[in-house]
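Asker: Pasting a structure below so you can have a look.
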Number of protein chains: 2
Amino acid sequence: MNKGTLMVVSGFSGTGKGTVLAQVFQRRPDVYFSVSFTTRSPREGEREGVDYHFITRQAFEERIQRGEFLEYAEYVGNYYGTSLKVIQEKLAQGIDVILEIEIQGAAKVRERMPEAVSLFLVPPSFEELSRRLHKRGTDSEEVIQQRLATARREAKEMVNYDYIVVNDTVEQAVGEILAILVAESCRRERRRDLIEGVNGL
Amino acid sequence: MNKGTLMVVSGFSGTGKGTVLAQVFQRRPDVYFSVSFTTRSPREGEREGVDYHFITRQAFEERIQRGEFLEYAEYVGNYYGTSLKVIQEKLAQGIDVILEIEIQGAAKVRERMPEAVSLFLVPPSFEELSRRLHKRGTDSEEVIQQRLATARREAKEMVNYDYIVVNDTVEQAVGEILAILVAESCRRERRRDLIEGVNGL
């Protein structure tokens, strides 16, 4: 049995990660989407166990103590964390796992699981990102400006990712992510049983 | 402008490389299929510039002198070679290049162009390979046994390739190769202008 691929996905706020990944999931329901734990409050429409596992600050800190997180971080006053155990189980079963995570978290995952594949989703331009953030209509102008400033800072980290996908149209971005999942499953490192099988004959 | 991907494809004789690559070309006519130079005479039905570039021994040796070959070899008294110049031109124009080449040639390409991506196409099993070679009906039993022995030897080289694609069905193998081409175009190394563009803004 070959291990699944762990794909770590990051991107600026407002790039459209949610929309793109929802379609990837529709097209590849066999892929497990890691659900993060967080202490922040659910936004409208967000569901427990689907968007996040929403837990209290105390419960989160207990999990930290027990070493249950592959990574965790505090971001704008709230904790976000990823369960190491769940991911390891899925990968061992040959299931691909997608983990949507911000940049510092991704760096920690790369450090602890160097076999992870990382992908950065970018908007076609900062002008387009600004347009999308305004269109979303969920943030004040001040918050939008903060998000844009953060994005410009975060752009410097793109060089640490294996793949860069431009979210020009959702369809094209989804197609590229699906292609990367297929390509990664063909990597020599993930075909060890095949190589051994052929050579053993 | 981002450079194209050079994809080197090898596989055992009888795996179905020709059929698979013909369909890749149909689906991706924008990809350049490298045409080898040779000093042997055209066989019936072979066309200049499609099957090979047919040139004289003198012209071939002049090209060797000018260092124009990425790799070349002499087989049964004839030269066969891959033009470095043509490939570099295509890659510089952002065009992906596929180069079908046997194992020793692939090793030379990897050495001289480490950025090349290499892919090994394998049959689902040696039993299936034997069945396909018999079905093809072009070789005597002795030649088939030689080809199978060569395949068993060549299988040891699979570990040097980046990707292993199983030719289970043509459609699936073609799909995987197309996915690898897309995925490779998303690799950070090939998105340098994008990264610089975003960071320069």
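By convention here, the chains of the structure tokens are called A, B, ... in the order presented, each chain's residues are numbered starting at 1, and ligands are numbered starting at 1 in the order presented.
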Taking a cut-off of 8 Å and counting only C-alpha atoms, can you build a table that, for each residue of chain A near chain B, reports the nearest atom pair and how far apart they are in Å (one decimal), sorted by chain then residue number, as CSV?

Answerer:
residue,atom,partner,partner_atom,distance
A:Ser125,CA,B:Val198,CA,6.9
A:Phe126,CA,B:Val198,CA,7.5
A:Arg152,CA,B:Asn199,CA,7.0
A:Ala155,CA,B:Asn199,CA,6.0
A:Lys156,CA,B:Asn199,CA,6.5
A:Met158,CA,B:Ile195,CA,6.9
A:Val159,CA,B:Arg188,CA,6.7
A:Tyr161,CA,B:Arg188,CA,6.6
A:Asp162,CA,B:Arg188,CA,5.4
A:Tyr163,CA,B:Arg187,CA,4.4
A:Ile164,CA,B:Cys186,CA,5.4
A:Val165,CA,B:Cys186,CA,6.1
A:Glu176,CA,B:Val182,CA,6.4
A:Ile177,CA,B:Ala183,CA,7.8
A:Leu178,CA,B:Ala179,CA,8.0
A:Ala179,CA,B:Ala179,CA,4.4
A:Ile180,CA,B:Ala183,CA,4.6
A:Val182,CA,B:Ala179,CA,6.3
A:Ala183,CA,B:Ile180,CA,4.7
A:Cys186,CA,B:Tyr163,CA,5.4
A:Arg187,CA,B:Tyr163,CA,4.4
A:Arg188,CA,B:Tyr163,CA,5.0
A:Arg191,CA,B:Ile164,CA,7.0
A:Ile195,CA,B:Met158,CA,7.0
A:Val198,CA,B:Ser125,CA,6.8
A:Asn199,CA,B:Ala155,CA,6.1
A:Leu201,CA,B:Phe126,CA,7.7

Asker: Using only C-alpha atoms, which protein or nucleic acid residues come within 10 Å of Glu171 (chain B)? Drop anything in the same chain fewer than 3 positions from it, and give the result as a compact mmCIF listing (two decimals) with N, CA and C atoms, in the first residue's frame.

Answerer:
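This went into around13.txt:
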# COMPACT_ATOMS: atom_id res chain seq x y z
N VAL B 20 0.49 5.71 -26.49
CA VAL B 20 0.20 6.67 -25.42
C VAL B 20 0.66 8.07 -25.82
N GLN B 23 -1.46 9.91 -28.35
CA GLN B 23 -2.68 10.53 -27.79
C GLN B 23 -2.37 11.76 -26.95
N VAL B 24 -1.22 11.74 -26.28
CA VAL B 24 -0.81 12.94 -25.53
C VAL B 24 -0.67 14.10 -26.53
N ASN B 167 0.91 1.85 -17.66
CA ASN B 167 0.02 1.83 -18.82
C ASN B 167 -0.97 0.69 -18.67
N ASP B 168 -1.95 0.93 -17.82
CA ASP B 168 -2.98 -0.06 -17.55
C ASP B 168 -3.99 0.03 -18.68
N VAL B 174 -2.54 8.23 -20.46
CA VAL B 174 -2.52 9.55 -21.12
C VAL B 174 -2.95 10.62 -20.11
N GLY B 175 -4.00 10.33 -19.36
CA GLY B 175 -4.49 11.27 -18.35
C GLY B 175 -3.42 11.61 -17.32
N GLU B 176 -2.68 10.60 -16.89
CA GLU B 176 -1.65 10.84 -15.89
C GLU B 176 -0.50 11.68 -16.47

Asker: In Å, with one decimal, what is the gap from CA of Ile101 (chain A) to CA of Glu115 (chain B)?

Answerer: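 Going from CA of Ile101 (chain A) over to CA of Glu115 (chain B) covers 29.1 Å.
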
Asker: Could you name the residues that touch region 85-92 of chain B at 9 Å or less, counting only C-alpha atoms, but leaving out those on the same chain fewer than 4 positions away, as a CSV table (one decimal) with N, CA and C atoms, in the first residue's frame?

Answerer:
chain,number,residue,atom,x,y,z
B,1,MET,N,8.6,35.6,-19.1
B,1,MET,CA,8.2,34.3,-19.7
B,1,MET,C,8.8,33.1,-19.0
B,2,ASN,N,8.0,32.2,-18.6
B,2,ASN,CA,8.5,31.0,-17.9
B,2,ASN,C,9.0,30.0,-18.9
B,3,LYS,N,10.1,29.3,-18.5
B,3,LYS,CA,10.6,28.2,-19.4
B,3,LYS,C,9.6,27.0,-19.5
B,4,GLY,N,9.6,26.3,-20.6
B,4,GLY,CA,8.8,25.1,-20.7
B,4,GLY,C,9.5,24.0,-19.9
B,5,THR,N,8.7,22.9,-19.8
B,5,THR,CA,9.2,21.7,-19.1
B,5,THR,C,9.8,20.7,-20.1
B,6,LEU,N,10.9,20.2,-19.9
B,6,LEU,CA,11.5,19.1,-20.7
B,6,LEU,C,11.1,17.8,-20.0
B,32,TYR,N,5.9,20.3,-27.9
B,32,TYR,CA,6.8,19.9,-29.0
B,32,TYR,C,7.3,18.5,-28.7
B,34,SER,N,10.1,16.1,-29.5
B,34,SER,CA,11.5,16.2,-30.0
B,34,SER,C,11.7,15.2,-31.1
B,68,GLU,N,26.2,20.4,-30.8
B,68,GLU,CA,24.8,20.7,-30.9
B,68,GLU,C,23.9,19.6,-30.3
B,69,PHE,N,24.5,18.5,-29.9
B,69,PHE,CA,23.6,17.4,-29.4
B,69,PHE,C,23.6,17.3,-27.9
B,70,LEU,N,22.4,17.2,-27.4
B,70,LEU,CA,22.2,16.9,-26.0
B,70,LEU,C,22.7,15.6,-25.7
B,96,ASP,N,6.5,23.3,-23.7
B,96,ASP,CA,6.9,22.0,-23.1
B,96,ASP,C,7.4,21.1,-24.2
B,97,VAL,N,8.4,20.3,-23.9
B,97,VAL,CA,9.0,19.4,-24.9
B,97,VAL,C,9.0,18.0,-24.3

Asker: Would you please give, as a CSV table (one decimal) with N, CA and C atoms, in the first residue's frame, all residues of chain A that DSSP assigns to alpha helix (DSSP H) based on the backbone?

Answerer:
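Result file is selection12.csv:
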chain,number,residue,atom,x,y,z
A,17,LYS,N,-9.7,30.6,-1.9
A,17,LYS,CA,-9.3,29.2,-1.5
A,17,LYS,C,-10.5,28.4,-1.2
A,18,GLY,N,-11.5,28.9,-0.4
A,18,GLY,CA,-12.7,28.2,0.0
A,18,GLY,C,-13.4,27.7,-1.2
A,19,THR,N,-13.7,28.5,-2.2
A,19,THR,CA,-14.5,28.2,-3.4
A,19,THR,C,-13.7,27.1,-4.2
A,20,VAL,N,-12.4,27.3,-4.4
A,20,VAL,CA,-11.6,26.4,-5.2
A,20,VAL,C,-11.6,25.0,-4.5
A,21,LEU,N,-11.3,25.0,-3.2
A,21,LEU,CA,-11.1,23.7,-2.5
A,21,LEU,C,-12.5,23.0,-2.4
A,22,ALA,N,-13.6,23.7,-2.3
A,22,ALA,CA,-14.9,23.1,-2.3
A,22,ALA,C,-15.1,22.3,-3.6
A,23,GLN,N,-14.7,22.9,-4.7
A,23,GLN,CA,-14.8,22.2,-6.0
A,23,GLN,C,-13.9,21.0,-6.1
A,24,VAL,N,-12.7,21.2,-5.6
A,24,VAL,CA,-11.7,20.0,-5.6
A,24,VAL,C,-12.4,18.9,-4.8
A,25,PHE,N,-13.0,19.2,-3.7
A,25,PHE,CA,-13.6,18.2,-2.9
A,25,PHE,C,-14.8,17.5,-3.6
A,26,GLN,N,-15.5,18.3,-4.4
A,26,GLN,CA,-16.7,17.7,-5.2
A,26,GLN,C,-16.2,16.7,-6.2
A,27,ARG,N,-15.0,17.1,-6.8
A,27,ARG,CA,-14.5,16.3,-7.9
A,27,ARG,C,-13.7,15.1,-7.4
A,57,ARG,N,-10.9,28.0,24.2
A,57,ARG,CA,-9.5,28.2,24.4
A,57,ARG,C,-8.9,27.2,25.4
A,58,GLN,N,-9.6,26.9,26.4
A,58,GLN,CA,-9.1,25.9,27.4
A,58,GLN,C,-8.9,24.5,26.8
A,59,ALA,N,-10.0,24.1,26.0
A,59,ALA,CA,-9.9,22.8,25.4
A,59,ALA,C,-8.7,22.8,24.4
A,60,PHE,N,-8.5,23.9,23.7
A,60,PHE,CA,-7.4,24.0,22.8
A,60,PHE,C,-6.0,23.8,23.5
A,61,GLU,N,-5.9,24.5,24.6
A,61,GLU,CA,-4.6,24.5,25.3
A,61,GLU,C,-4.4,23.1,25.9
A,62,GLU,N,-5.4,22.4,26.3
A,62,GLU,CA,-5.3,21.0,26.8
A,62,GLU,C,-4.7,20.1,25.7
A,63,ARG,N,-5.2,20.3,24.4
A,63,ARG,CA,-4.7,19.5,23.3
A,63,ARG,C,-3.3,19.9,23.0
A,64,ILE,N,-2.9,21.1,23.2
A,64,ILE,CA,-1.5,21.5,23.0
A,64,ILE,C,-0.7,20.7,24.0
A,65,GLN,N,-1.1,20.7,25.2
A,65,GLN,CA,-0.4,20.0,26.3
A,65,GLN,C,-0.2,18.5,26.0
A,84,LEU,N,-2.4,15.9,14.2
A,84,LEU,CA,-1.4,15.1,13.6
A,84,LEU,C,-2.0,13.7,13.5
A,85,LYS,N,-2.7,13.2,14.5
A,85,LYS,CA,-3.1,11.8,14.5
A,85,LYS,C,-4.0,11.4,13.3
A,86,VAL,N,-5.0,12.3,13.1
A,86,VAL,CA,-6.0,12.1,12.1
A,86,VAL,C,-5.3,12.0,10.7
A,87,ILE,N,-4.4,12.9,10.5
A,87,ILE,CA,-3.7,13.0,9.2
A,87,ILE,C,-2.8,11.7,9.0
A,88,GLN,N,-2.1,11.3,10.0
A,88,GLN,CA,-1.3,10.2,9.9
A,88,GLN,C,-2.1,8.9,9.5
A,89,GLU,N,-3.2,8.8,10.2
A,89,GLU,CA,-4.1,7.6,9.9
A,89,GLU,C,-4.6,7.6,8.5
A,90,LYS,N,-5.0,8.7,7.9
A,90,LYS,CA,-5.5,8.8,6.6
A,90,LYS,C,-4.4,8.5,5.6
A,91,LEU,N,-3.2,9.1,5.8
A,91,LEU,CA,-2.1,8.8,4.8
A,91,LEU,C,-1.7,7.4,4.8
A,92,ALA,N,-1.7,6.8,6.0
A,92,ALA,CA,-1.3,5.3,6.1
A,92,ALA,C,-2.3,4.5,5.3
A,103,ILE,N,0.4,30.6,6.4
A,103,ILE,CA,1.9,30.4,6.1
A,103,ILE,C,2.7,29.9,7.2
A,104,GLN,N,2.6,30.4,8.4
A,104,GLN,CA,3.4,29.9,9.5
A,104,GLN,C,3.1,28.4,9.8
A,105,GLY,N,1.9,28.1,9.7
A,105,GLY,CA,1.5,26.7,9.9
A,105,GLY,C,2.1,25.8,8.9
A,106,ALA,N,2.0,26.2,7.7
A,106,ALA,CA,2.6,25.4,6.6
A,106,ALA,C,4.1,25.2,6.8
A,107,ALA,N,4.8,26.2,7.2
A,107,ALA,CA,6.2,26.1,7.5
A,107,ALA,C,6.5,25.0,8.5
A,108,LYS,N,5.6,25.0,9.6
A,108,LYS,CA,5.8,24.0,10.6
A,108,LYS,C,5.5,22.6,10.1
A,109,VAL,N,4.5,22.5,9.2
A,109,VAL,CA,4.2,21.2,8.6
A,109,VAL,C,5.3,20.7,7.8
A,110,ARG,N,5.9,21.5,6.9
A,110,ARG,CA,7.0,21.2,6.1
A,110,ARG,C,8.1,20.7,6.9
A,111,GLU,N,8.3,21.3,8.1
A,111,GLU,CA,9.4,21.0,9.0
A,111,GLU,C,9.2,19.6,9.6
A,112,ARG,N,8.0,19.3,10.0
A,112,ARG,CA,7.7,18.0,10.7
A,112,ARG,C,7.4,16.9,9.7
A,126,PHE,N,-2.7,41.9,-7.4
A,126,PHE,CA,-3.1,42.5,-6.1
A,126,PHE,C,-4.4,43.4,-6.4
A,127,GLU,N,-4.5,44.0,-7.6
A,127,GLU,CA,-5.7,44.7,-7.9
A,127,GLU,C,-6.9,43.9,-7.9
A,128,GLU,N,-6.7,42.6,-8.4
A,128,GLU,CA,-7.8,41.7,-8.4
A,128,GLU,C,-8.2,41.2,-7.0
A,129,LEU,N,-7.2,41.1,-6.2
A,129,LEU,CA,-7.4,40.6,-4.8
A,129,LEU,C,-8.2,41.7,-4.1
A,130,SER,N,-7.8,43.0,-4.3
A,130,SER,CA,-8.5,44.1,-3.7
A,130,SER,C,-10.0,44.1,-4.1
A,131,ARG,N,-10.2,43.9,-5.4
A,131,ARG,CA,-11.5,43.8,-6.0
A,131,ARG,C,-12.3,42.7,-5.3
A,132,ARG,N,-11.7,41.5,-5.2
A,132,ARG,CA,-12.4,40.4,-4.6
A,132,ARG,C,-12.8,40.6,-3.1
A,133,LEU,N,-11.9,41.2,-2.4
A,133,LEU,CA,-12.1,41.5,-1.0
A,133,LEU,C,-13.3,42.5,-0.8
A,134,HIS,N,-13.3,43.5,-1.7
A,134,HIS,CA,-14.4,44.5,-1.6
A,134,HIS,C,-15.7,43.8,-2.0
A,135,LYS,N,-15.7,43.0,-3.0
A,135,LYS,CA,-16.9,42.3,-3.5
A,135,LYS,C,-17.5,41.4,-2.5
A,136,ARG,N,-16.6,40.7,-1.7
A,136,ARG,CA,-17.0,39.8,-0.7
A,136,ARG,C,-17.9,40.5,0.3
A,141,GLU,N,-13.4,48.6,5.3
A,141,GLU,CA,-12.2,49.1,4.4
A,141,GLU,C,-10.9,48.9,5.2
A,142,GLU,N,-11.0,49.2,6.5
A,142,GLU,CA,-9.7,49.1,7.3
A,142,GLU,C,-9.2,47.7,7.3
A,143,VAL,N,-10.1,46.7,7.5
A,143,VAL,CA,-9.7,45.3,7.5
A,143,VAL,C,-9.2,44.9,6.2
A,144,ILE,N,-9.9,45.4,5.1
A,144,ILE,CA,-9.4,45.0,3.7
A,144,ILE,C,-8.0,45.5,3.5
A,145,GLN,N,-7.7,46.7,4.0
A,145,GLN,CA,-6.4,47.3,3.8
A,145,GLN,C,-5.3,46.5,4.6
A,146,GLN,N,-5.7,46.0,5.8
A,146,GLN,CA,-4.9,45.2,6.6
A,146,GLN,C,-4.6,43.9,5.9
A,147,ARG,N,-5.7,43.3,5.3
A,147,ARG,CA,-5.5,42.0,4.6
A,147,ARG,C,-4.6,42.2,3.4
A,148,LEU,N,-4.7,43.3,2.7
A,148,LEU,CA,-3.8,43.5,1.5
A,148,LEU,C,-2.4,43.7,2.0
A,149,ALA,N,-2.2,44.4,3.1
A,149,ALA,CA,-0.8,44.6,3.6
A,149,ALA,C,-0.2,43.3,4.0
A,150,THR,N,-1.1,42.4,4.6
A,150,THR,CA,-0.6,41.1,5.0
A,150,THR,C,-0.2,40.3,3.8
A,151,ALA,N,-1.1,40.4,2.8
A,151,ALA,CA,-0.8,39.6,1.5
A,151,ALA,C,0.5,40.0,0.9
A,152,ARG,N,0.8,41.3,0.9
A,152,ARG,CA,2.1,41.8,0.3
A,152,ARG,C,3.3,41.2,1.2
A,153,ARG,N,3.1,41.1,2.5
A,153,ARG,CA,4.2,40.5,3.3
A,153,ARG,C,4.3,39.0,3.0
A,154,GLU,N,3.1,38.4,3.0
A,154,GLU,CA,3.1,36.9,2.8
A,154,GLU,C,3.6,36.5,1.5
A,170,VAL,N,-11.9,29.8,-11.4
A,170,VAL,CA,-12.0,28.7,-10.5
A,170,VAL,C,-11.8,27.4,-11.2
A,171,GLU,N,-12.4,27.2,-12.4
A,171,GLU,CA,-12.3,26.0,-13.1
A,171,GLU,C,-10.8,25.6,-13.4
A,172,GLN,N,-10.1,26.6,-13.8
A,172,GLN,CA,-8.6,26.4,-14.2
A,172,GLN,C,-7.8,26.1,-12.9
A,173,ALA,N,-8.1,26.8,-11.8
A,173,ALA,CA,-7.4,26.5,-10.6
A,173,ALA,C,-7.7,25.1,-10.0
A,174,VAL,N,-9.0,24.8,-10.1
A,174,VAL,CA,-9.4,23.4,-9.6
A,174,VAL,C,-8.7,22.4,-10.5
A,175,GLY,N,-8.7,22.6,-11.8
A,175,GLY,CA,-8.0,21.6,-12.7
A,175,GLY,C,-6.6,21.5,-12.4
A,176,GLU,N,-5.9,22.5,-12.1
A,176,GLU,CA,-4.5,22.4,-11.8
A,176,GLU,C,-4.2,21.7,-10.5
A,177,ILE,N,-5.1,22.0,-9.5
A,177,ILE,CA,-4.9,21.2,-8.2
A,177,ILE,C,-5.2,19.8,-8.4
A,178,LEU,N,-6.2,19.4,-9.2
A,178,LEU,CA,-6.5,18.0,-9.4
A,178,LEU,C,-5.3,17.4,-10.1
A,179,ALA,N,-4.7,18.1,-11.1
A,179,ALA,CA,-3.6,17.5,-11.9
A,179,ALA,C,-2.4,17.3,-10.9
A,180,ILE,N,-2.2,18.2,-10.0
A,180,ILE,CA,-1.1,18.1,-9.1
A,180,ILE,C,-1.3,16.8,-8.2
A,181,LEU,N,-2.5,16.6,-7.8
A,181,LEU,CA,-2.8,15.4,-7.0
A,181,LEU,C,-2.5,14.1,-7.7
A,182,VAL,N,-2.9,14.1,-9.0
A,182,VAL,CA,-2.6,12.9,-9.9
A,182,VAL,C,-1.1,12.8,-10.1
A,183,ALA,N,-0.5,13.9,-10.4
A,183,ALA,CA,1.0,13.8,-10.7
A,183,ALA,C,1.7,13.3,-9.5
A,184,GLU,N,1.4,13.8,-8.3
A,184,GLU,CA,2.1,13.4,-7.1
A,184,GLU,C,1.9,11.9,-6.8
A,185,SER,N,0.7,11.4,-7.2
A,185,SER,CA,0.5,10.0,-6.9
A,185,SER,C,1.4,9.1,-7.9
A,192,ARG,N,6.8,3.1,-4.6
A,192,ARG,CA,7.8,2.1,-4.2
A,192,ARG,C,7.4,0.7,-4.3
A,193,ASP,N,6.1,0.4,-3.9
A,193,ASP,CA,5.6,-1.0,-4.0
A,193,ASP,C,5.6,-1.5,-5.4
A,194,LEU,N,5.3,-0.6,-6.4
A,194,LEU,CA,5.3,-0.9,-7.8
A,194,LEU,C,6.7,-1.3,-8.2
A,195,ILE,N,7.6,-0.4,-7.9
A,195,ILE,CA,9.0,-0.6,-8.3
A,195,ILE,C,9.5,-1.9,-7.8
A,196,GLU,N,9.2,-2.2,-6.5
A,196,GLU,CA,9.7,-3.4,-5.9
A,196,GLU,C,9.0,-4.6,-6.5
A,197,GLY,N,7.7,-4.4,-6.8
A,197,GLY,CA,6.9,-5.5,-7.4
A,197,GLY,C,7.5,-5.9,-8.8
A,198,VAL,N,7.8,-4.9,-9.6
A,198,VAL,CA,8.3,-5.2,-10.9
A,198,VAL,C,9.7,-5.8,-10.8
A,199,ASN,N,10.5,-5.3,-9.9
A,199,ASN,CA,11.9,-5.8,-9.8
A,199,ASN,C,11.9,-7.1,-9.2
A,200,GLY,N,10.9,-7.4,-8.4
A,200,GLY,CA,10.9,-8.7,-7.7
A,200,GLY,C,10.5,-9.9,-8.5

Asker: Could you check how far CA of Ala73 (chain A) sits from CA of Ser41 (chain A), in Å to one decimal?

Answerer: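 We find that CA of Ala73 (chain A) and CA of Ser41 (chain A) lie 15.9 Å from each other.
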
Asker: Which polymer residues have any atom within 12 Å of an atom of Glu44 (chain A), counting only C-alpha atoms, with same-chain residues fewer than 4 positions away left out, as a list in words?

Answerer: Glu48, Asp51 and Thr138 of chain A

Asker: Could you save those same residues with C-alpha atoms as a PDB file, in the first residue's frame?

Answerer:
ATOM      1  CA  GLU A  48     -18.825  22.477  13.184  1.00  0.00           C
ATOM      2  CA  ASP A  51     -15.360  24.291   8.289  1.00  0.00           C
ATOM      3  CA  THR A 138     -17.661  40.952   4.759  1.00  0.00           C
TER       4      THR A 138
END

Asker: Can you list, as JSON, numbers by chain, every protein, DNA or RNA residue that comes within 8 Å of Phe54 (chain A) when you count only C-alpha atoms, leaving out same-chain residues fewer than 6 positions away?

Answerer: {"A": [37, 38, 39, 40, 41, 42, 48]}

Asker: Could you save those same residues with N, CA and C atoms as a PDB file, in the first residue's frame?

Answerer:
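For reference, part15.pdb as written:
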ATOM      1  N   PHE A  37      -8.839  22.759  14.064  1.00  0.00           N
ATOM      2  CA  PHE A  37      -9.445  23.178  15.319  1.00  0.00           C
ATOM      3  C   PHE A  37      -9.199  24.678  15.466  1.00  0.00           C
ATOM      4  N   THR A  38     -10.175  25.378  15.995  1.00  0.00           N
ATOM      5  CA  THR A  38      -9.966  26.812  16.235  1.00  0.00           C
ATOM      6  C   THR A  38     -10.745  27.268  17.459  1.00  0.00           C
ATOM      7  N   THR A  39     -10.254  28.369  18.007  1.00  0.00           N
ATOM      8  CA  THR A  39     -10.966  28.980  19.139  1.00  0.00           C
ATOM      9  C   THR A  39     -11.782  30.188  18.690  1.00  0.00           C
ATOM     10  N   ARG A  40     -11.712  30.512  17.385  1.00  0.00           N
ATOM     11  CA  ARG A  40     -12.506  31.667  16.976  1.00  0.00           C
ATOM     12  C   ARG A  40     -13.962  31.278  16.811  1.00  0.00           C
ATOM     13  N   SER A  41     -14.841  32.274  16.804  1.00  0.00           N
ATOM     14  CA  SER A  41     -16.274  32.004  16.688  1.00  0.00           C
ATOM     15  C   SER A  41     -16.619  31.671  15.246  1.00  0.00           C
ATOM     16  N   PRO A  42     -17.615  30.810  15.058  1.00  0.00           N
ATOM     17  CA  PRO A  42     -18.047  30.488  13.687  1.00  0.00           C
ATOM     18  C   PRO A  42     -18.594  31.733  12.995  1.00  0.00           C
ATOM     19  N   GLU A  48     -19.723  23.279  12.347  1.00  0.00           N
ATOM     20  CA  GLU A  48     -18.825  22.477  13.184  1.00  0.00           C
ATOM     21  C   GLU A  48     -18.479  21.166  12.468  1.00  0.00           C
TER      22      GLU A  48
END
